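Structure file protein_2.cif; described as mmCIF, N, CA and C atoms.
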data_structure
#
loop_
_atom_site.group_PDB
_atom_site.id
_atom_site.type_symbol
_atom_site.label_atom_id
_atom_site.label_comp_id
_atom_site.auth_asym_id
_atom_site.auth_seq_id
_atom_site.Cartn_x
_atom_site.Cartn_y
_atom_site.Cartn_z
ATOM 1 N N MET R 1 -9.948 33.110 -0.587
ATOM 2 C CA MET R 1 -10.779 34.284 -0.392
ATOM 3 C C MET R 1 -9.977 35.445 0.176
ATOM 4 N N GLY R 2 -8.729 35.227 0.495
ATOM 5 C CA GLY R 2 -7.890 36.301 0.993
ATOM 6 C C GLY R 2 -8.050 36.609 2.466
ATOM 7 N N ILE R 3 -8.761 35.802 3.192
ATOM 8 C CA ILE R 3 -8.949 36.026 4.625
ATOM 9 C C ILE R 3 -7.757 35.423 5.354
ATOM 10 N N ASP R 4 -7.081 36.258 6.164
ATOM 11 C CA ASP R 4 -5.912 35.758 6.876
ATOM 12 C C ASP R 4 -5.989 35.965 8.379
ATOM 13 N N THR R 5 -7.020 36.674 8.839
ATOM 14 C CA THR R 5 -7.121 37.017 10.256
ATOM 15 C C THR R 5 -8.525 36.736 10.768
ATOM 16 N N VAL R 6 -8.603 36.214 11.990
ATOM 17 C CA VAL R 6 -9.880 35.946 12.643
ATOM 18 C C VAL R 6 -9.927 36.744 13.939
ATOM 19 N N LEU R 7 -11.014 37.467 14.139
ATOM 20 C CA LEU R 7 -11.265 38.180 15.388
ATOM 21 C C LEU R 7 -12.254 37.348 16.186
ATOM 22 N N VAL R 8 -11.946 37.091 17.455
ATOM 23 C CA VAL R 8 -12.801 36.238 18.272
ATOM 24 C C VAL R 8 -13.476 37.065 19.360
ATOM 25 N N ALA R 9 -14.805 36.957 19.410
ATOM 26 C CA ALA R 9 -15.605 37.617 20.436
ATOM 27 C C ALA R 9 -16.713 36.655 20.844
ATOM 28 N N GLY R 10 -17.092 36.665 22.105
ATOM 29 C CA GLY R 10 -18.174 35.792 22.530
ATOM 30 C C GLY R 10 -18.171 35.570 24.031
ATOM 31 N N THR R 11 -18.866 34.517 24.442
ATOM 32 C CA THR R 11 -18.952 34.202 25.864
ATOM 33 C C THR R 11 -18.118 32.968 26.183
ATOM 34 N N LYS R 12 -17.784 32.834 27.441
ATOM 35 C CA LYS R 12 -16.914 31.763 27.935
ATOM 36 C C LYS R 12 -15.519 31.890 27.327
ATOM 37 N N THR R 13 -14.867 33.010 27.610
ATOM 38 C CA THR R 13 -13.525 33.297 27.106
ATOM 39 C C THR R 13 -12.602 32.096 27.237
ATOM 40 N N ASN R 14 -12.620 31.481 28.408
ATOM 41 C CA ASN R 14 -11.670 30.416 28.715
ATOM 42 C C ASN R 14 -12.079 29.048 28.181
ATOM 43 N N VAL R 15 -13.237 28.942 27.543
ATOM 44 C CA VAL R 15 -13.677 27.650 27.022
ATOM 45 C C VAL R 15 -13.967 27.796 25.519
ATOM 46 N N CYS R 16 -15.148 28.270 25.194
ATOM 47 C CA CYS R 16 -15.582 28.342 23.793
ATOM 48 C C CYS R 16 -14.718 29.278 22.956
ATOM 49 N N CYS R 17 -14.499 30.493 23.429
ATOM 50 C CA CYS R 17 -13.728 31.477 22.659
ATOM 51 C C CYS R 17 -12.287 31.025 22.482
ATOM 52 N N GLU R 18 -11.701 30.523 23.552
ATOM 53 C CA GLU R 18 -10.313 30.067 23.466
ATOM 54 C C GLU R 18 -10.196 28.865 22.525
ATOM 55 N N SER R 19 -11.162 27.968 22.556
ATOM 56 C CA SER R 19 -11.134 26.812 21.648
ATOM 57 C C SER R 19 -11.243 27.255 20.193
ATOM 58 N N THR R 20 -12.146 28.167 19.917
ATOM 59 C CA THR R 20 -12.298 28.694 18.559
ATOM 60 C C THR R 20 -11.010 29.375 18.104
ATOM 61 N N ALA R 21 -10.428 30.178 18.977
ATOM 62 C CA ALA R 21 -9.203 30.904 18.634
ATOM 63 C C ALA R 21 -8.050 29.941 18.363
ATOM 64 N N ARG R 22 -7.906 28.918 19.177
ATOM 65 C CA ARG R 22 -6.834 27.932 18.972
ATOM 66 C C ARG R 22 -7.048 27.167 17.672
ATOM 67 N N ASP R 23 -8.284 26.783 17.392
ATOM 68 C CA ASP R 23 -8.568 26.082 16.140
ATOM 69 C C ASP R 23 -8.200 26.942 14.936
ATOM 70 N N ALA R 24 -8.538 28.213 14.988
ATOM 71 C CA ALA R 24 -8.202 29.118 13.885
ATOM 72 C C ALA R 24 -6.691 29.246 13.723
ATOM 73 N N MET R 25 -5.977 29.349 14.831
ATOM 74 C CA MET R 25 -4.515 29.440 14.774
ATOM 75 C C MET R 25 -3.923 28.180 14.158
ATOM 76 N N MET R 26 -4.463 27.019 14.510
ATOM 77 C CA MET R 26 -3.966 25.755 13.968
ATOM 78 C C MET R 26 -4.256 25.621 12.473
ATOM 79 N N ARG R 27 -5.171 26.446 11.971
ATOM 80 C CA ARG R 27 -5.480 26.464 10.537
ATOM 81 C C ARG R 27 -4.754 27.613 9.832
ATOM 82 N N ASP R 28 -3.718 28.117 10.498
ATOM 83 C CA ASP R 28 -2.827 29.142 9.949
ATOM 84 C C ASP R 28 -3.443 30.527 9.769
ATOM 85 N N TYR R 29 -4.459 30.845 10.564
ATOM 86 C CA TYR R 29 -4.970 32.215 10.580
ATOM 87 C C TYR R 29 -4.231 32.995 11.660
ATOM 88 N N LYS R 30 -4.095 34.290 11.453
ATOM 89 C CA LYS R 30 -3.685 35.183 12.527
ATOM 90 C C LYS R 30 -4.946 35.365 13.365
ATOM 91 N N VAL R 31 -4.810 35.272 14.681
ATOM 92 C CA VAL R 31 -6.000 35.320 15.529
ATOM 93 C C VAL R 31 -5.844 36.403 16.592
ATOM 94 N N VAL R 32 -6.922 37.163 16.772
ATOM 95 C CA VAL R 32 -6.973 38.186 17.805
ATOM 96 C C VAL R 32 -8.185 37.911 18.690
ATOM 97 N N MET R 33 -7.936 37.724 19.967
ATOM 98 C CA MET R 33 -9.020 37.657 20.945
ATOM 99 C C MET R 33 -9.315 39.107 21.343
ATOM 100 N N VAL R 34 -10.542 39.531 21.152
ATOM 101 C CA VAL R 34 -10.922 40.907 21.479
ATOM 102 C C VAL R 34 -11.328 40.918 22.957
ATOM 103 N N SER R 35 -10.424 41.428 23.784
ATOM 104 C CA SER R 35 -10.548 41.270 25.242
ATOM 105 C C SER R 35 -11.857 41.777 25.822
ATOM 106 N N ASP R 36 -12.328 42.934 25.372
ATOM 107 C CA ASP R 36 -13.548 43.488 25.938
ATOM 108 C C ASP R 36 -14.794 43.086 25.155
ATOM 109 N N ALA R 37 -14.647 42.156 24.216
ATOM 110 C CA ALA R 37 -15.787 41.605 23.478
ATOM 111 C C ALA R 37 -15.936 40.106 23.776
ATOM 112 N N ASN R 38 -15.223 39.644 24.784
ATOM 113 C CA ASN R 38 -15.325 38.280 25.298
ATOM 114 C C ASN R 38 -15.692 38.390 26.768
ATOM 115 N N GLY R 39 -16.221 37.333 27.304
ATOM 116 C CA GLY R 39 -16.556 37.357 28.726
ATOM 117 C C GLY R 39 -16.684 35.962 29.283
ATOM 118 N N ALA R 40 -16.573 35.865 30.573
ATOM 119 C CA ALA R 40 -16.750 34.598 31.284
ATOM 120 C C ALA R 40 -17.538 34.894 32.559
ATOM 121 N N ARG R 41 -17.956 33.856 33.193
ATOM 122 C CA ARG R 41 -18.749 34.046 34.410
ATOM 123 C C ARG R 41 -17.970 34.783 35.493
ATOM 124 N N TYR R 42 -16.675 34.476 35.583
ATOM 125 C CA TYR R 42 -15.831 35.110 36.600
ATOM 126 C C TYR R 42 -14.668 35.823 35.916
ATOM 127 N N ASP R 43 -14.288 36.971 36.450
ATOM 128 C CA ASP R 43 -13.169 37.734 35.886
ATOM 129 C C ASP R 43 -11.889 36.903 35.827
ATOM 130 N N GLU R 44 -11.675 36.079 36.836
ATOM 131 C CA GLU R 44 -10.457 35.258 36.870
ATOM 132 C C GLU R 44 -10.414 34.290 35.683
ATOM 133 N N ASP R 45 -11.556 33.708 35.329
ATOM 134 C CA ASP R 45 -11.627 32.796 34.192
ATOM 135 C C ASP R 45 -11.381 33.540 32.882
ATOM 136 N N HIS R 46 -11.963 34.711 32.761
ATOM 137 C CA HIS R 46 -11.775 35.553 31.573
ATOM 138 C C HIS R 46 -10.297 35.887 31.388
ATOM 139 N N LEU R 47 -9.675 36.369 32.443
ATOM 140 C CA LEU R 47 -8.259 36.738 32.364
ATOM 141 C C LEU R 47 -7.357 35.533 32.119
ATOM 142 N N ALA R 48 -7.691 34.396 32.702
ATOM 143 C CA ALA R 48 -6.896 33.183 32.476
ATOM 144 C C ALA R 48 -6.956 32.769 31.014
ATOM 145 N N GLY R 49 -8.123 32.838 30.408
ATOM 146 C CA GLY R 49 -8.268 32.487 28.995
ATOM 147 C C GLY R 49 -7.479 33.419 28.096
ATOM 148 N N LEU R 50 -7.565 34.720 28.354
ATOM 149 C CA LEU R 50 -6.818 35.693 27.543
ATOM 150 C C LEU R 50 -5.318 35.511 27.716
ATOM 151 N N THR R 51 -4.882 35.302 28.943
ATOM 152 C CA THR R 51 -3.454 35.139 29.224
ATOM 153 C C THR R 51 -2.900 33.891 28.558
ATOM 154 N N SER R 52 -3.599 32.801 28.685
ATOM 155 C CA SER R 52 -3.167 31.545 28.070
ATOM 156 C C SER R 52 -3.051 31.694 26.559
ATOM 157 N N PHE R 53 -4.047 32.320 25.945
ATOM 158 C CA PHE R 53 -4.024 32.490 24.496
ATOM 159 C C PHE R 53 -2.871 33.392 24.075
ATOM 160 N N PHE R 54 -2.697 34.500 24.753
ATOM 161 C CA PHE R 54 -1.641 35.456 24.402
ATOM 162 C C PHE R 54 -0.248 34.863 24.554
ATOM 163 N N GLN R 55 -0.044 34.061 25.567
ATOM 164 C CA GLN R 55 1.288 33.501 25.822
ATOM 165 C C GLN R 55 1.734 32.520 24.749
ATOM 166 N N SER R 56 0.809 31.859 24.085
ATOM 167 C CA SER R 56 1.220 30.786 23.185
ATOM 168 C C SER R 56 0.588 30.778 21.797
ATOM 169 N N PHE R 57 -0.505 31.481 21.585
ATOM 170 C CA PHE R 57 -1.254 31.239 20.356
ATOM 171 C C PHE R 57 -1.531 32.453 19.474
ATOM 172 N N GLY R 58 -1.728 33.624 20.036
ATOM 173 C CA GLY R 58 -2.109 34.762 19.198
ATOM 174 C C GLY R 58 -2.077 36.056 19.979
ATOM 175 N N ASP R 59 -2.823 37.014 19.484
ATOM 176 C CA ASP R 59 -2.807 38.360 20.044
ATOM 177 C C ASP R 59 -4.085 38.618 20.830
ATOM 178 N N VAL R 60 -4.004 39.536 21.772
ATOM 179 C CA VAL R 60 -5.158 39.996 22.531
ATOM 180 C C VAL R 60 -5.182 41.514 22.432
ATOM 181 N N ARG R 61 -6.309 42.045 21.978
ATOM 182 C CA ARG R 61 -6.461 43.504 21.841
ATOM 183 C C ARG R 61 -7.859 43.919 22.266
ATOM 184 N N THR R 62 -8.001 45.195 22.568
ATOM 185 C CA THR R 62 -9.325 45.737 22.896
ATOM 186 C C THR R 62 -10.071 46.049 21.603
ATOM 187 N N THR R 63 -11.369 46.277 21.716
ATOM 188 C CA THR R 63 -12.173 46.672 20.553
ATOM 189 C C THR R 63 -11.616 47.946 19.942
ATOM 190 N N GLU R 64 -11.263 48.905 20.773
ATOM 191 C CA GLU R 64 -10.718 50.175 20.279
ATOM 192 C C GLU R 64 -9.435 49.948 19.479
ATOM 193 N N GLU R 65 -8.561 49.079 19.965
ATOM 194 C CA GLU R 65 -7.321 48.784 19.241
ATOM 195 C C GLU R 65 -7.602 48.109 17.903
ATOM 196 N N VAL R 66 -8.540 47.186 17.881
ATOM 197 C CA VAL R 66 -8.890 46.491 16.636
ATOM 198 C C VAL R 66 -9.456 47.473 15.621
ATOM 199 N N ILE R 67 -10.351 48.337 16.052
ATOM 200 C CA ILE R 67 -10.928 49.332 15.141
ATOM 201 C C ILE R 67 -9.835 50.248 14.608
ATOM 202 N N GLY R 68 -8.900 50.641 15.464
ATOM 203 C CA GLY R 68 -7.791 51.486 15.024
ATOM 204 C C GLY R 68 -6.964 50.825 13.938
ATOM 205 N N VAL R 69 -6.697 49.536 14.091
ATOM 206 C CA VAL R 69 -5.935 48.807 13.070
ATOM 207 C C VAL R 69 -6.742 48.713 11.781
ATOM 208 N N LEU R 70 -8.024 48.431 11.897
ATOM 209 C CA LEU R 70 -8.865 48.309 10.704
ATOM 210 C C LEU R 70 -8.998 49.623 9.943
ATOM 211 N N LEU R 71 -8.965 50.721 10.660
ATOM 212 C CA LEU R 71 -9.120 52.030 10.026
ATOM 213 C C LEU R 71 -7.800 52.709 9.682
ATOM 214 N N ALA R 72 -6.692 52.054 9.945
ATOM 215 C CA ALA R 72 -5.370 52.634 9.673
ATOM 216 C C ALA R 72 -5.224 52.933 8.178
ATOM 217 N N PRO R 73 -4.481 53.993 7.846
ATOM 218 C CA PRO R 73 -4.299 54.378 6.438
ATOM 219 C C PRO R 73 -3.763 53.247 5.555
ATOM 220 N N ALA R 74 -2.894 52.399 6.071
ATOM 221 C CA ALA R 74 -2.345 51.307 5.254
ATOM 222 C C ALA R 74 -3.461 50.356 4.825
ATOM 223 N N ASN R 75 -4.421 50.105 5.707
ATOM 224 C CA ASN R 75 -5.533 49.229 5.357
ATOM 225 C C ASN R 75 -6.461 49.886 4.338
ATOM 226 N N ALA R 76 -6.629 51.178 4.446
ATOM 227 C CA ALA R 76 -7.471 51.886 3.494
ATOM 228 C C ALA R 76 -6.840 51.851 2.109
ATOM 229 N N ALA R 77 -5.526 52.009 2.031
ATOM 230 C CA ALA R 77 -4.841 51.972 0.747
ATOM 231 C C ALA R 77 -4.900 50.578 0.134
ATOM 232 N N ALA R 78 -4.752 49.548 0.953
ATOM 233 C CA ALA R 78 -4.806 48.173 0.453
ATOM 234 C C ALA R 78 -6.201 47.835 -0.050
ATOM 235 N N ALA R 79 -7.222 48.349 0.622
ATOM 236 C CA ALA R 79 -8.598 48.086 0.206
ATOM 237 C C ALA R 79 -8.924 48.770 -1.114
ATOM 238 N N ALA R 80 -8.276 49.887 -1.370
ATOM 239 C CA ALA R 80 -8.541 50.634 -2.606
ATOM 240 C C ALA R 80 -7.937 49.959 -3.840
ATOM 241 N N GLU R 81 -6.975 49.094 -3.634
ATOM 242 C CA GLU R 81 -6.300 48.431 -4.768
ATOM 243 C C GLU R 81 -7.162 47.399 -5.434
#

Structure encoded using structure tokens:
Amino acid sequence: MGIDTVLVAGTKTNVCCESTARDAMMRDYKVVMVSDANGARYDEDHLAGLTSFFQSFGDVRTTEEVIGVLLAPANAAAAAE
């Protein structure tokens, strides 16, 4: 289907979201945890989940950064093909 990237957003950054993101990475997807679209009960847990994922498994970006990449001219040209 041509899908190569997974964006992860949700609750329990350090449990559910991180597990989903790791599973996607193990299935050879590029994975981005959207930092401000994930959350945990405590800020420390949220940051620990993002840090752990970034250090070993994939990328962490804000919603604004993700939208910027999606709207970049290179993506628009590729979509037009």

query: Hey, can you check how far atom C of Lys12 in chain R sits from atom N of Gly68 in chain R?
result: 23.2 Å

Could you expand the PyMOL selection byres ((chain R and resi 7) around 8) into the explicit residues it covers here, written as a PDB file with N, CA and C atoms, in the coordinates of the input?
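Wrote it out as part_31.pdb, contents follow:
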ATOM      1  N   ASP R   4      -7.081  36.258   6.164  1.00  0.00           N
ATOM      2  CA  ASP R   4      -5.912  35.758   6.876  1.00  0.00           C
ATOM      3  C   ASP R   4      -5.989  35.965   8.379  1.00  0.00           C
ATOM      4  N   THR R   5      -7.020  36.674   8.839  1.00  0.00           N
ATOM      5  CA  THR R   5      -7.121  37.017  10.256  1.00  0.00           C
ATOM      6  C   THR R   5      -8.525  36.736  10.768  1.00  0.00           C
ATOM      7  N   VAL R   6      -8.603  36.214  11.990  1.00  0.00           N
ATOM      8  CA  VAL R   6      -9.880  35.946  12.643  1.00  0.00           C
ATOM      9  C   VAL R   6      -9.927  36.744  13.939  1.00  0.00           C
ATOM     10  N   VAL R   8     -11.946  37.091  17.455  1.00  0.00           N
ATOM     11  CA  VAL R   8     -12.801  36.238  18.272  1.00  0.00           C
ATOM     12  C   VAL R   8     -13.476  37.065  19.360  1.00  0.00           C
ATOM     13  N   ALA R   9     -14.805  36.957  19.410  1.00  0.00           N
ATOM     14  CA  ALA R   9     -15.605  37.617  20.436  1.00  0.00           C
ATOM     15  C   ALA R   9     -16.713  36.655  20.844  1.00  0.00           C
ATOM     16  N   GLY R  10     -17.092  36.665  22.105  1.00  0.00           N
ATOM     17  CA  GLY R  10     -18.174  35.792  22.530  1.00  0.00           C
ATOM     18  C   GLY R  10     -18.171  35.570  24.031  1.00  0.00           C
ATOM     19  N   ALA R  21     -10.428  30.178  18.977  1.00  0.00           N
ATOM     20  CA  ALA R  21      -9.203  30.904  18.634  1.00  0.00           C
ATOM     21  C   ALA R  21      -8.050  29.941  18.363  1.00  0.00           C
ATOM     22  N   LYS R  30      -4.095  34.290  11.453  1.00  0.00           N
ATOM     23  CA  LYS R  30      -3.685  35.183  12.527  1.00  0.00           C
ATOM     24  C   LYS R  30      -4.946  35.365  13.365  1.00  0.00           C
ATOM     25  N   VAL R  31      -4.810  35.272  14.681  1.00  0.00           N
ATOM     26  CA  VAL R  31      -6.000  35.320  15.529  1.00  0.00           C
ATOM     27  C   VAL R  31      -5.844  36.403  16.592  1.00  0.00           C
ATOM     28  N   VAL R  32      -6.922  37.163  16.772  1.00  0.00           N
ATOM     29  CA  VAL R  32      -6.973  38.186  17.805  1.00  0.00           C
ATOM     30  C   VAL R  32      -8.185  37.911  18.690  1.00  0.00           C
ATOM     31  N   MET R  33      -7.936  37.724  19.967  1.00  0.00           N
ATOM     32  CA  MET R  33      -9.020  37.657  20.945  1.00  0.00           C
ATOM     33  C   MET R  33      -9.315  39.107  21.343  1.00  0.00           C
ATOM     34  N   VAL R  34     -10.542  39.531  21.152  1.00  0.00           N
ATOM     35  CA  VAL R  34     -10.922  40.907  21.479  1.00  0.00           C
ATOM     36  C   VAL R  34     -11.328  40.918  22.957  1.00  0.00           C
TER      37      VAL R  34
END

- prompt: So which residues are close to (-16.9, 28.7, 30.3), meaning at most 8 Å away in the file's coordinates with only C-alpha atoms counted, and can you show them as a PyMOL selection string?
  reply: chain R and resi 11-16+40-41+45

Based on DSSP run over this structure's backbone, return all residues of chain R in alpha helix (DSSP H), as a PDB file with N, CA and C atoms, keeping the file's coordinate frame.
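Generated file (states_36.pdb):
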ATOM      1  N   GLU R  18     -11.701  30.523  23.552  1.00  0.00           N
ATOM      2  CA  GLU R  18     -10.313  30.067  23.466  1.00  0.00           C
ATOM      3  C   GLU R  18     -10.196  28.865  22.525  1.00  0.00           C
ATOM      4  N   SER R  19     -11.162  27.968  22.556  1.00  0.00           N
ATOM      5  CA  SER R  19     -11.134  26.812  21.648  1.00  0.00           C
ATOM      6  C   SER R  19     -11.243  27.255  20.193  1.00  0.00           C
ATOM      7  N   THR R  20     -12.146  28.167  19.917  1.00  0.00           N
ATOM      8  CA  THR R  20     -12.298  28.694  18.559  1.00  0.00           C
ATOM      9  C   THR R  20     -11.010  29.375  18.104  1.00  0.00           C
ATOM     10  N   ALA R  21     -10.428  30.178  18.977  1.00  0.00           N
ATOM     11  CA  ALA R  21      -9.203  30.904  18.634  1.00  0.00           C
ATOM     12  C   ALA R  21      -8.050  29.941  18.363  1.00  0.00           C
ATOM     13  N   ARG R  22      -7.906  28.918  19.177  1.00  0.00           N
ATOM     14  CA  ARG R  22      -6.834  27.932  18.972  1.00  0.00           C
ATOM     15  C   ARG R  22      -7.048  27.167  17.672  1.00  0.00           C
ATOM     16  N   ASP R  23      -8.284  26.783  17.392  1.00  0.00           N
ATOM     17  CA  ASP R  23      -8.568  26.082  16.140  1.00  0.00           C
ATOM     18  C   ASP R  23      -8.200  26.942  14.936  1.00  0.00           C
ATOM     19  N   ALA R  24      -8.538  28.213  14.988  1.00  0.00           N
ATOM     20  CA  ALA R  24      -8.202  29.118  13.885  1.00  0.00           C
ATOM     21  C   ALA R  24      -6.691  29.246  13.723  1.00  0.00           C
ATOM     22  N   MET R  25      -5.977  29.349  14.831  1.00  0.00           N
ATOM     23  CA  MET R  25      -4.515  29.440  14.774  1.00  0.00           C
ATOM     24  C   MET R  25      -3.923  28.180  14.158  1.00  0.00           C
ATOM     25  N   MET R  26      -4.463  27.019  14.510  1.00  0.00           N
ATOM     26  CA  MET R  26      -3.966  25.755  13.968  1.00  0.00           C
ATOM     27  C   MET R  26      -4.256  25.621  12.473  1.00  0.00           C
ATOM     28  N   ASP R  43     -14.288  36.971  36.450  1.00  0.00           N
ATOM     29  CA  ASP R  43     -13.169  37.734  35.886  1.00  0.00           C
ATOM     30  C   ASP R  43     -11.889  36.903  35.827  1.00  0.00           C
ATOM     31  N   GLU R  44     -11.675  36.079  36.836  1.00  0.00           N
ATOM     32  CA  GLU R  44     -10.457  35.258  36.870  1.00  0.00           C
ATOM     33  C   GLU R  44     -10.414  34.290  35.683  1.00  0.00           C
ATOM     34  N   ASP R  45     -11.556  33.708  35.329  1.00  0.00           N
ATOM     35  CA  ASP R  45     -11.627  32.796  34.192  1.00  0.00           C
ATOM     36  C   ASP R  45     -11.381  33.540  32.882  1.00  0.00           C
ATOM     37  N   HIS R  46     -11.963  34.711  32.761  1.00  0.00           N
ATOM     38  CA  HIS R  46     -11.775  35.553  31.573  1.00  0.00           C
ATOM     39  C   HIS R  46     -10.297  35.887  31.388  1.00  0.00           C
ATOM     40  N   LEU R  47      -9.675  36.369  32.443  1.00  0.00           N
ATOM     41  CA  LEU R  47      -8.259  36.738  32.364  1.00  0.00           C
ATOM     42  C   LEU R  47      -7.357  35.533  32.119  1.00  0.00           C
ATOM     43  N   ALA R  48      -7.691  34.396  32.702  1.00  0.00           N
ATOM     44  CA  ALA R  48      -6.896  33.183  32.476  1.00  0.00           C
ATOM     45  C   ALA R  48      -6.956  32.769  31.014  1.00  0.00           C
ATOM     46  N   GLY R  49      -8.123  32.838  30.408  1.00  0.00           N
ATOM     47  CA  GLY R  49      -8.268  32.487  28.995  1.00  0.00           C
ATOM     48  C   GLY R  49      -7.479  33.419  28.096  1.00  0.00           C
ATOM     49  N   LEU R  50      -7.565  34.720  28.354  1.00  0.00           N
ATOM     50  CA  LEU R  50      -6.818  35.693  27.543  1.00  0.00           C
ATOM     51  C   LEU R  50      -5.318  35.511  27.716  1.00  0.00           C
ATOM     52  N   THR R  51      -4.882  35.302  28.943  1.00  0.00           N
ATOM     53  CA  THR R  51      -3.454  35.139  29.224  1.00  0.00           C
ATOM     54  C   THR R  51      -2.900  33.891  28.558  1.00  0.00           C
ATOM     55  N   SER R  52      -3.599  32.801  28.685  1.00  0.00           N
ATOM     56  CA  SER R  52      -3.167  31.545  28.070  1.00  0.00           C
ATOM     57  C   SER R  52      -3.051  31.694  26.559  1.00  0.00           C
ATOM     58  N   PHE R  53      -4.047  32.320  25.945  1.00  0.00           N
ATOM     59  CA  PHE R  53      -4.024  32.490  24.496  1.00  0.00           C
ATOM     60  C   PHE R  53      -2.871  33.392  24.075  1.00  0.00           C
ATOM     61  N   PHE R  54      -2.697  34.500  24.753  1.00  0.00           N
ATOM     62  CA  PHE R  54      -1.641  35.456  24.402  1.00  0.00           C
ATOM     63  C   PHE R  54      -0.248  34.863  24.554  1.00  0.00           C
ATOM     64  N   GLN R  55      -0.044  34.061  25.567  1.00  0.00           N
ATOM     65  CA  GLN R  55       1.288  33.501  25.822  1.00  0.00           C
ATOM     66  C   GLN R  55       1.734  32.520  24.749  1.00  0.00           C
ATOM     67  N   SER R  56       0.809  31.859  24.085  1.00  0.00           N
ATOM     68  CA  SER R  56       1.220  30.786  23.185  1.00  0.00           C
ATOM     69  C   SER R  56       0.588  30.778  21.797  1.00  0.00           C
ATOM     70  N   THR R  63     -11.369  46.277  21.716  1.00  0.00           N
ATOM     71  CA  THR R  63     -12.173  46.672  20.553  1.00  0.00           C
ATOM     72  C   THR R  63     -11.616  47.946  19.942  1.00  0.00           C
ATOM     73  N   GLU R  64     -11.263  48.905  20.773  1.00  0.00           N
ATOM     74  CA  GLU R  64     -10.718  50.175  20.279  1.00  0.00           C
ATOM     75  C   GLU R  64      -9.435  49.948  19.479  1.00  0.00           C
ATOM     76  N   GLU R  65      -8.561  49.079  19.965  1.00  0.00           N
ATOM     77  CA  GLU R  65      -7.321  48.784  19.241  1.00  0.00           C
ATOM     78  C   GLU R  65      -7.602  48.109  17.903  1.00  0.00           C
ATOM     79  N   VAL R  66      -8.540  47.186  17.881  1.00  0.00           N
ATOM     80  CA  VAL R  66      -8.890  46.491  16.636  1.00  0.00           C
ATOM     81  C   VAL R  66      -9.456  47.473  15.621  1.00  0.00           C
ATOM     82  N   ILE R  67     -10.351  48.337  16.052  1.00  0.00           N
ATOM     83  CA  ILE R  67     -10.928  49.332  15.141  1.00  0.00           C
ATOM     84  C   ILE R  67      -9.835  50.248  14.608  1.00  0.00           C
ATOM     85  N   GLY R  68      -8.900  50.641  15.464  1.00  0.00           N
ATOM     86  CA  GLY R  68      -7.791  51.486  15.024  1.00  0.00           C
ATOM     87  C   GLY R  68      -6.964  50.825  13.938  1.00  0.00           C
ATOM     88  N   VAL R  69      -6.697  49.536  14.091  1.00  0.00           N
ATOM     89  CA  VAL R  69      -5.935  48.807  13.070  1.00  0.00           C
ATOM     90  C   VAL R  69      -6.742  48.713  11.781  1.00  0.00           C
ATOM     91  N   LEU R  70      -8.024  48.431  11.897  1.00  0.00           N
ATOM     92  CA  LEU R  70      -8.865  48.309  10.704  1.00  0.00           C
ATOM     93  C   LEU R  70      -8.998  49.623   9.943  1.00  0.00           C
ATOM     94  N   PRO R  73      -4.481  53.993   7.846  1.00  0.00           N
ATOM     95  CA  PRO R  73      -4.299  54.378   6.438  1.00  0.00           C
ATOM     96  C   PRO R  73      -3.763  53.247   5.555  1.00  0.00           C
ATOM     97  N   ALA R  74      -2.894  52.399   6.071  1.00  0.00           N
ATOM     98  CA  ALA R  74      -2.345  51.307   5.254  1.00  0.00           C
ATOM     99  C   ALA R  74      -3.461  50.356   4.825  1.00  0.00           C
ATOM    100  N   ASN R  75      -4.421  50.105   5.707  1.00  0.00           N
ATOM    101  CA  ASN R  75      -5.533  49.229   5.357  1.00  0.00           C
ATOM    102  C   ASN R  75      -6.461  49.886   4.338  1.00  0.00           C
ATOM    103  N   ALA R  76      -6.629  51.178   4.446  1.00  0.00           N
ATOM    104  CA  ALA R  76      -7.471  51.886   3.494  1.00  0.00           C
ATOM    105  C   ALA R  76      -6.840  51.851   2.109  1.00  0.00           C
ATOM    106  N   ALA R  77      -5.526  52.009   2.031  1.00  0.00           N
ATOM    107  CA  ALA R  77      -4.841  51.972   0.747  1.00  0.00           C
ATOM    108  C   ALA R  77      -4.900  50.578   0.134  1.00  0.00           C
ATOM    109  N   ALA R  78      -4.752  49.548   0.953  1.00  0.00           N
ATOM    110  CA  ALA R  78      -4.806  48.173   0.453  1.00  0.00           C
ATOM    111  C   ALA R  78      -6.201  47.835  -0.050  1.00  0.00           C
ATOM    112  N   ALA R  79      -7.222  48.349   0.622  1.00  0.00           N
ATOM    113  CA  ALA R  79      -8.598  48.086   0.206  1.00  0.00           C
ATOM    114  C   ALA R  79      -8.924  48.770  -1.114  1.00  0.00           C
ATOM    115  N   ALA R  80      -8.276  49.887  -1.370  1.00  0.00           N
ATOM    116  CA  ALA R  80      -8.541  50.634  -2.606  1.00  0.00           C
ATOM    117  C   ALA R  80      -7.937  49.959  -3.840  1.00  0.00           C
TER     118      ALA R  80
END

- request: Go through chain R and collect every residue that DSSP, computed from the backbone, puts in strand (DSSP E or B); the answer should be as a count of residues only.
  value: 20

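When atom N of Ala37 in chain R is paired with CA of Glu64 in chain R, their separation reads 9.8 Å.
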
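Between atom N of Leu70 in chain R and atom N of Leu47 in chain R there is a distance of 23.9 Å.
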
- request: Considering only N, CA and C atoms, state which residue in the set R:Arg61, R:Arg27, R:Val66, R:Cys17 is at the smallest distance from Gly39 in chain R.
  value: R:Cys17

- line: Residue with the minimum atom-to-atom distance to Asn38 in chain R, picked from R:Leu71, R:Val60, R:Ala24, R:Met1 with only C-alpha atoms counted, is R:Val60

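Across R:Ser35, R:Glu65, R:Asp23, R:Ala72, the tightest approach to Thr51 in chain R is made by R:Ser35 when counting only C-alpha atoms.
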
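Restricting the calculation to only C-alpha atoms, the smallest distance between Phe54 in chain R and any of R:Pro73, R:Ile3, R:Arg22, R:Tyr42 is found for R:Arg22.
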
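Ranking R:Glu18, R:Asp28, R:Asp43, R:Asp36 by their shortest atom-to-atom distance to Thr63 in chain R, with all atoms listed in the file included, puts R:Asp36 first.
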